[in-house]
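Asker: Input start39.pdb, format and content: PDB, C-alpha atoms, pLDDT in the B column.
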```pdb
ATOM      1  CA  MET A   1     -39.179 -37.416 -10.570  1.00 50.00           C
ATOM      2  CA  VAL A   2     -37.108 -37.636 -13.770  1.00 42.00           C
ATOM      3  CA  HIS A   3     -37.294 -33.838 -14.078  1.00 41.00           C
ATOM      4  CA  VAL A   4     -35.871 -33.424 -10.539  1.00 40.00           C
ATOM      5  CA  ARG A   5     -32.965 -35.770 -11.371  1.00 41.00           C
ATOM      6  CA  ARG A   6     -32.137 -33.749 -14.505  1.00 39.00           C
ATOM      7  CA  ILE A   7     -32.127 -30.514 -12.517  1.00 39.00           C
ATOM      8  CA  GLY A   8     -29.864 -32.157  -9.929  1.00 41.00           C
ATOM      9  CA  ALA A   9     -27.499 -33.357 -12.657  1.00 39.00           C
ATOM     10  CA  VAL A  10     -27.382 -29.905 -14.269  1.00 36.00           C
ATOM     11  CA  LEU A  11     -26.732 -28.195 -10.929  1.00 36.00           C
ATOM     12  CA  SER A  12     -23.954 -30.704 -10.150  1.00 38.00           C
ATOM     13  CA  ALA A  13     -22.309 -30.039 -13.516  1.00 36.00           C
ATOM     14  CA  VAL A  14     -22.517 -26.269 -12.956  1.00 35.00           C
ATOM     15  CA  ALA A  15     -21.006 -26.640  -9.473  1.00 35.00           C
ATOM     16  CA  LEU A  16     -18.089 -28.694 -10.838  1.00 32.00           C
ATOM     17  CA  THR A  17     -17.486 -26.130 -13.581  1.00 30.00           C
ATOM     18  CA  VAL A  18     -17.435 -23.276 -11.064  1.00 31.00           C
ATOM     19  CA  LEU A  19     -14.961 -25.179  -8.875  1.00 30.00           C
ATOM     20  CA  ALA A  20     -12.686 -25.820 -11.858  1.00 31.00           C
ATOM     21  CA  VAL A  21     -12.348 -22.111 -12.753  1.00 30.00           C
ATOM     22  CA  PRO A  22      -9.400 -20.530 -10.888  1.00 32.00           C
ATOM     23  CA  ALA A  23     -10.233 -17.772  -8.426  1.00 34.00           C
ATOM     24  CA  ASN A  24      -7.857 -15.363 -10.191  1.00 35.00           C
ATOM     25  CA  ALA A  25      -8.126 -15.975 -13.925  1.00 33.00           C
ATOM     26  CA  HIS A  26      -5.307 -13.468 -14.558  1.00 40.00           C
ATOM     27  CA  ALA A  27      -2.789 -15.087 -12.204  1.00 49.00           C
ATOM     28  CA  ALA A  28       0.701 -15.444 -13.620  1.00 66.00           C
ATOM     29  CA  ALA A  29       2.323 -18.824 -14.064  1.00 84.00           C
ATOM     30  CA  VAL A  30       5.025 -19.768 -11.572  1.00 88.00           C
ATOM     31  CA  ALA A  31       8.280 -21.090 -13.086  1.00 87.00           C
ATOM     32  CA  CYS A  32      10.837 -22.848 -10.897  1.00 90.00           C
ATOM     33  CA  GLY A  33      14.592 -23.006 -11.323  1.00 88.00           C
ATOM     34  CA  GLY A  34      16.955 -25.862 -10.580  1.00 88.00           C
ATOM     35  CA  GLY A  35      17.068 -27.502  -7.182  1.00 90.00           C
ATOM     36  CA  VAL A  36      19.703 -27.188  -4.501  1.00 92.00           C
ATOM     37  CA  SER A  37      19.839 -28.950  -1.178  1.00 89.00           C
ATOM     38  CA  THR A  38      20.819 -28.500   2.419  1.00 85.00           C
ATOM     39  CA  GLY A  39      21.010 -31.837   4.130  1.00 84.00           C
ATOM     40  CA  ARG A  40      17.764 -33.698   3.535  1.00 87.00           C
ATOM     41  CA  VAL A  41      15.841 -30.645   2.262  1.00 91.00           C
ATOM     42  CA  ALA A  42      15.766 -29.839  -1.465  1.00 93.00           C
ATOM     43  CA  VAL A  43      14.863 -26.271  -2.443  1.00 93.00           C
ATOM     44  CA  ASN A  44      13.740 -24.610  -5.683  1.00 94.00           C
ATOM     45  CA  GLY A  45      13.542 -20.875  -6.302  1.00 93.00           C
ATOM     46  CA  CYS A  46      10.487 -19.911  -8.358  1.00 94.00           C
ATOM     47  CA  ILE A  47       9.357 -16.711 -10.092  1.00 91.00           C
ATOM     48  CA  SER A  48       6.257 -15.194 -11.644  1.00 91.00           C
ATOM     49  CA  ALA A  49       5.723 -11.920 -13.486  1.00 87.00           C
ATOM     50  CA  GLN A  50       2.221 -10.446 -13.511  1.00 88.00           C
ATOM     51  CA  ARG A  51       1.548  -7.616 -15.966  1.00 86.00           C
ATOM     52  CA  GLY A  52      -0.139  -4.482 -14.695  1.00 88.00           C
ATOM     53  CA  LYS A  53      -0.667  -0.824 -15.465  1.00 87.00           C
ATOM     54  CA  GLU A  54      -0.486   2.315 -13.351  1.00 88.00           C
ATOM     55  CA  GLY A  55      -1.951   5.185 -15.336  1.00 90.00           C
ATOM     56  CA  ARG A  56      -0.266   5.016 -18.723  1.00 90.00           C
ATOM     57  CA  ILE A  57       2.778   3.136 -17.419  1.00 90.00           C
ATOM     58  CA  TYR A  58       2.970  -0.636 -17.859  1.00 89.00           C
ATOM     59  CA  THR A  59       4.426  -2.561 -14.927  1.00 90.00           C
ATOM     60  CA  ARG A  60       5.383  -6.084 -13.928  1.00 89.00           C
ATOM     61  CA  GLU A  61       4.886  -7.505 -10.454  1.00 91.00           C
ATOM     62  CA  ILE A  62       7.869  -9.859 -10.032  1.00 91.00           C
ATOM     63  CA  THR A  63       7.209 -12.383  -7.259  1.00 93.00           C
ATOM     64  CA  ALA A  64       9.690 -14.834  -5.714  1.00 95.00           C
ATOM     65  CA  TYR A  65       8.589 -18.188  -4.309  1.00 95.00           C
ATOM     66  CA  VAL A  66      10.288 -21.089  -2.550  1.00 95.00           C
ATOM     67  CA  LYS A  67       9.433 -24.764  -2.914  1.00 95.00           C
ATOM     68  CA  ALA A  68      10.877 -27.222  -0.364  1.00 95.00           C
ATOM     69  CA  ARG A  69      10.961 -31.038  -0.259  1.00 95.00           C
ATOM     70  CA  ASN A  70      11.983 -33.038   2.801  1.00 94.00           C
ATOM     71  CA  THR A  71      13.509 -36.387   1.860  1.00 91.00           C
ATOM     72  CA  GLY A  72      14.177 -37.372   5.463  1.00 91.00           C
ATOM     73  CA  PRO A  73      12.196 -39.440   7.981  1.00 93.00           C
ATOM     74  CA  ARG A  74      11.566 -36.494  10.352  1.00 93.00           C
ATOM     75  CA  ALA A  75       9.777 -33.189   9.942  1.00 95.00           C
ATOM     76  CA  VAL A  76      11.973 -30.111   9.823  1.00 94.00           C
ATOM     77  CA  ASN A  77      11.659 -26.333  10.070  1.00 95.00           C
ATOM     78  CA  VAL A  78      13.241 -24.534   7.119  1.00 95.00           C
ATOM     79  CA  ALA A  79      14.304 -20.878   6.936  1.00 95.00           C
ATOM     80  CA  TYR A  80      14.584 -19.246   3.491  1.00 95.00           C
ATOM     81  CA  GLU A  81      15.522 -15.942   1.822  1.00 96.00           C
ATOM     82  CA  ALA A  82      14.849 -14.557  -1.657  1.00 96.00           C
ATOM     83  CA  PHE A  83      16.755 -11.892  -3.608  1.00 96.00           C
ATOM     84  CA  PHE A  84      15.985 -10.058  -6.879  1.00 93.00           C
ATOM     85  CA  ARG A  85      18.047  -8.302  -9.578  1.00 92.00           C
ATOM     86  CA  VAL A  86      17.965  -7.001 -13.113  1.00 89.00           C
ATOM     87  CA  VAL A  87      20.388  -9.298 -14.948  1.00 87.00           C
ATOM     88  CA  ASP A  88      22.284  -6.613 -16.899  1.00 85.00           C
ATOM     89  CA  GLY A  89      24.231  -4.691 -14.273  1.00 83.00           C
ATOM     90  CA  GLY A  90      21.769  -4.951 -11.408  1.00 85.00           C
ATOM     91  CA  HIS A  91      22.698  -5.734  -7.830  1.00 92.00           C
ATOM     92  CA  TRP A  92      20.924  -8.245  -5.582  1.00 95.00           C
ATOM     93  CA  VAL A  93      18.167  -6.813  -3.378  1.00 94.00           C
ATOM     94  CA  LYS A  94      16.513  -8.849  -0.647  1.00 96.00           C
ATOM     95  CA  LEU A  95      12.811  -9.432  -1.344  1.00 95.00           C
ATOM     96  CA  GLY A  96      11.960 -11.293   1.803  1.00 96.00           C
ATOM     97  CA  SER A  97      12.519 -14.208   4.105  1.00 97.00           C
ATOM     98  CA  GLY A  98      10.503 -16.636   6.166  1.00 96.00           C
ATOM     99  CA  ARG A  99      10.203 -20.036   7.769  1.00 96.00           C
ATOM    100  CA  THR A 100       8.106 -23.067   7.000  1.00 95.00           C
ATOM    101  CA  TYR A 101       7.473 -26.506   8.457  1.00 95.00           C
ATOM    102  CA  VAL A 102       8.117 -29.362   6.037  1.00 96.00           C
ATOM    103  CA  PRO A 103       6.698 -32.747   7.102  1.00 96.00           C
ATOM    104  CA  ALA A 104       8.726 -35.949   6.808  1.00 95.00           C
ATOM    105  CA  GLY A 105       8.784 -37.024   3.171  1.00 94.00           C
ATOM    106  CA  GLY A 106       6.605 -34.027   2.316  1.00 96.00           C
ATOM    107  CA  THR A 107       6.681 -31.033   0.006  1.00 95.00           C
ATOM    108  CA  VAL A 108       5.764 -27.417   0.601  1.00 94.00           C
ATOM    109  CA  GLU A 109       4.434 -26.094  -2.691  1.00 90.00           C
ATOM    110  CA  PRO A 110       5.643 -22.727  -3.992  1.00 93.00           C
ATOM    111  CA  THR A 111       5.213 -20.245  -1.137  1.00 93.00           C
ATOM    112  CA  GLU A 112       5.460 -16.512  -1.831  1.00 95.00           C
ATOM    113  CA  VAL A 113       8.549 -14.937  -0.260  1.00 95.00           C
ATOM    114  CA  GLY A 114       8.373 -11.376  -1.597  1.00 95.00           C
ATOM    115  CA  SER A 115       7.733  -9.223  -4.636  1.00 94.00           C
ATOM    116  CA  SER A 116       8.837  -6.092  -6.469  1.00 92.00           C
ATOM    117  CA  THR A 117       6.897  -3.907  -8.909  1.00 91.00           C
ATOM    118  CA  ARG A 118       8.995  -2.739 -11.848  1.00 88.00           C
ATOM    119  CA  VAL A 119       8.329  -0.460 -14.814  1.00 87.00           C
ATOM    120  CA  CYS A 120       8.324  -2.573 -17.973  1.00 85.00           C
ATOM    121  CA  GLY A 121      11.548  -2.539 -19.887  1.00 81.00           C
ATOM    122  CA  PRO A 122      13.429  -4.773 -22.312  1.00 81.00           C
ATOM    123  CA  VAL A 123      15.425  -6.439 -19.550  1.00 83.00           C
ATOM    124  CA  LYS A 124      15.589  -9.856 -17.975  1.00 87.00           C
ATOM    125  CA  VAL A 125      15.121 -10.168 -14.228  1.00 89.00           C
ATOM    126  CA  GLU A 126      15.947 -13.036 -11.921  1.00 91.00           C
ATOM    127  CA  ILE A 127      15.430 -14.153  -8.381  1.00 93.00           C
ATOM    128  CA  ARG A 128      17.528 -16.431  -6.251  1.00 94.00           C
ATOM    129  CA  VAL A 129      16.488 -18.366  -3.174  1.00 95.00           C
ATOM    130  CA  HIS A 130      18.425 -20.306  -0.583  1.00 94.00           C
ATOM    131  CA  ALA A 131      17.345 -22.162   2.546  1.00 94.00           C
ATOM    132  CA  ARG A 132      18.560 -24.015   5.604  1.00 93.00           C
ATOM    133  CA  ALA A 133      17.046 -26.580   7.879  1.00 91.00           C
ATOM    134  CA  ASP A 134      17.201 -25.967  11.646  1.00 87.00           C
ATOM    135  CA  GLY A 135      20.787 -26.468  12.771  1.00 82.00           C
ATOM    136  CA  GLY A 136      22.024 -26.807   9.184  1.00 87.00           C
ATOM    137  CA  VAL A 137      23.999 -24.660   6.791  1.00 91.00           C
ATOM    138  CA  TRP A 138      22.584 -22.484   4.018  1.00 93.00           C
ATOM    139  CA  SER A 139      22.052 -24.260   0.720  1.00 93.00           C
ATOM    140  CA  GLY A 140      23.486 -23.054  -2.543  1.00 93.00           C
ATOM    141  CA  TRP A 141      21.380 -20.685  -4.656  1.00 94.00           C
ATOM    142  CA  SER A 142      18.446 -21.756  -6.797  1.00 94.00           C
ATOM    143  CA  THR A 143      17.759 -19.147  -9.471  1.00 92.00           C
ATOM    144  CA  ALA A 144      14.870 -18.501 -11.823  1.00 91.00           C
ATOM    145  CA  GLY A 145      14.465 -15.720 -14.383  1.00 87.00           C
ATOM    146  CA  THR A 146      11.927 -14.118 -16.681  1.00 84.00           C
ATOM    147  CA  ALA A 147      11.723 -11.451 -19.347  1.00 76.00           C
ATOM    148  CA  GLN A 148      10.193  -8.642 -17.375  1.00 60.00           C
ATOM    149  CA  CYS A 149       7.446  -7.631 -19.805  1.00 71.00           C
ATOM    150  CA  GLN A 150       6.734 -10.781 -21.767  1.00 56.00           C
ATOM    151  CA  THR A 151       3.096 -11.385 -22.573  1.00 46.00           C
TER     152      THR A 151
END
```
Any chance you could give the structure as structure tokens?

Answerer:
Amino acid sequence: MVHVRRIGAVLSAVALTVLAVPANAHAAAVACGGGVSTGRVAVNGCISAQRGKEGRIYTREITAYVKARNTGPRAVNVAYEAFFRVVDGGHWVKLGSGRTYVPAGGTVEPTEVGSSTRVCGPVKVEIRVHARADGGVWSGWSTAGTAQCQT
């Protein structure tokens, strides 16, 4: 009986360890910029840069995210857009847009809006995100940046 309990304890520990390991061990960290608001919804633009390689060329997958918090007493639908640019001389390019439902007093964690694959170079890139609640006006811009090929 003691032997069965030990096996159960070992299997439980193994199961907890497996659950603690992220599904994608190479996933890039998501960094969020400053918040802006539109009415009772606060928005942050977030960015990640995942390193990759195509043949002998090193690349970065730049991904834009939006994080939204509803400070009001009622749920709200929020529309959002994300844009991307290379900081030195680049122009803004739309990465994507979408809508999400944010419950009263709730937060929608960083949600992917769009991405762009770039050849590595010694340049800084940034994204900007803005949002609006149903019937509201667009918020200001929340920006976030990264060195495109940092390790």

Asker: Which residue out of A:Gly106, A:Gly45, A:Gly55, A:Gly33 has the minimum interatomic distance to Glu81 (chain A) when all atoms listed in the file are used?

Answerer: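 Among the listed residues, the smallest separation from Glu81 (chain A) belongs to A:Gly45.
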
Asker: Check what the PyMOL selection byres ((chain A and resi 107-122) around 6) selects in the file above and give those residues as a list in words.

Answerer: Tyr58, Thr59, Arg60, Glu61, Ile62, Thr63, Ala64, Tyr65, Val66, Lys67, Ala68, Arg69, Leu95, Gly96, Ser97, Gly106, Val123 and Cys149 of chain A

Asker: Smallest atom-to-atom distance to Val129 (chain A): which of A:Val87, A:Val41, A:Ile47, A:Val76, using all atoms listed in the file?

Answerer: A:Ile47

Asker: Identify, on the basis of only C-alpha atoms, every residue whose closest approach to Pro73 (chain A) does not exceed 9 Å; exclude the query and any residue fewer than 6 positions from it along the same chain; express the result as a ChimeraX atom specification.

Answerer: /A:103-105

Asker: Neighbours of Gly140 (chain A) within 8 Å (only C-alpha atoms; same-chain residues fewer than 4 positions away dropped), as a list in words?

Answerer: Val36, Ser37, Thr38 and His130 of chain A

Asker: Quick one: what's the axis-aligned box for region 64-81 of chain A, all listed atoms, 3 Å on every side, centre and edges in Å to one decimal, as AutoDock Vina command-line options?

Answerer:
```
--center_x 12.1 --center_y -27.1 --center_z 2.3 --size_x 12.9 --size_y 30.6 --size_z 22.1
```

Asker: Pick from A:Val30, A:Ala49, A:Val43, A:Ile127: nearest to His91 (chain A), with all atoms listed in the file counted?

Answerer: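 Between A:Val30, A:Ala49, A:Val43, A:Ile127, the residue approaching His91 (chain A) most closely is A:Ile127.
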
Asker: Please, what distance in Å, to one decimal, runs between CA of Thr143 (chain A) and CA of Thr71 (chain A)?

Answerer: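 Result for CA of Thr143 (chain A) versus CA of Thr71 (chain A): 21.1 Å, one decimal.
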
Asker: Kindly indicate which residue among A:Cys46, A:Ile57, A:Ala79, A:Ala29 lies nearest to Gly135 (chain A), using all atoms listed in the file for the distances.

Answerer: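 Among the listed residues, the smallest separation from Gly135 (chain A) belongs to A:Ala79.
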
Asker: Apply the PyMOL selection byres ((chain A and resi 90) around 12) to the structure shown and report the selected residues as number ranges by chain.

Answerer: A: 83-89, 91-93, 123-127

Asker: Using the selection just defined, write its residues with C-alpha atoms as a compact mmCIF listing (two decimals), in the frame of the given file.

Answerer:
```
# COMPACT_ATOMS: atom_id res chain seq x y z
CA PHE A 83 16.76 -11.89 -3.61
CA PHE A 84 15.98 -10.06 -6.88
CA ARG A 85 18.05 -8.30 -9.58
CA VAL A 86 17.96 -7.00 -13.11
CA VAL A 87 20.39 -9.30 -14.95
CA ASP A 88 22.28 -6.61 -16.90
CA GLY A 89 24.23 -4.69 -14.27
CA HIS A 91 22.70 -5.73 -7.83
CA TRP A 92 20.92 -8.24 -5.58
CA VAL A 93 18.17 -6.81 -3.38
CA VAL A 123 15.42 -6.44 -19.55
CA LYS A 124 15.59 -9.86 -17.98
CA VAL A 125 15.12 -10.17 -14.23
CA GLU A 126 15.95 -13.04 -11.92
CA ILE A 127 15.43 -14.15 -8.38
```

Asker: May I ask which of the residues A:Gly35, A:Arg132, A:Glu54, A:Gly72 is the closest one to Gly98 (chain A), counting only C-alpha atoms?

Answerer: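 Looking at the shortest contact to Gly98 (chain A), the residue is A:Arg132.
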
Asker: So the first atom is CA of Ala131 (chain A) and the second is CA of Ala144 (chain A); what is the distance between them in Å, to one decimal place?

Answerer: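 Result for CA of Ala131 (chain A) versus CA of Ala144 (chain A): 15.0 Å, one decimal.
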
Asker: Between CA of Asn44 (chain A) and CA of Arg128 (chain A), what is the distance in Å, rounded to a tenth?

Answerer: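 Atom-to-atom, CA of Asn44 (chain A) and CA of Arg128 (chain A) are spaced 9.0 Å apart.
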
Asker: Would you mind telling me which residue in A:Tyr101, A:Ala75, A:Lys53, A:Gly39 lies nearest to Ser139 (chain A) when using all atoms listed in the file?

Answerer: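 With all atoms listed in the file as the atom set, the closest residue is A:Gly39.
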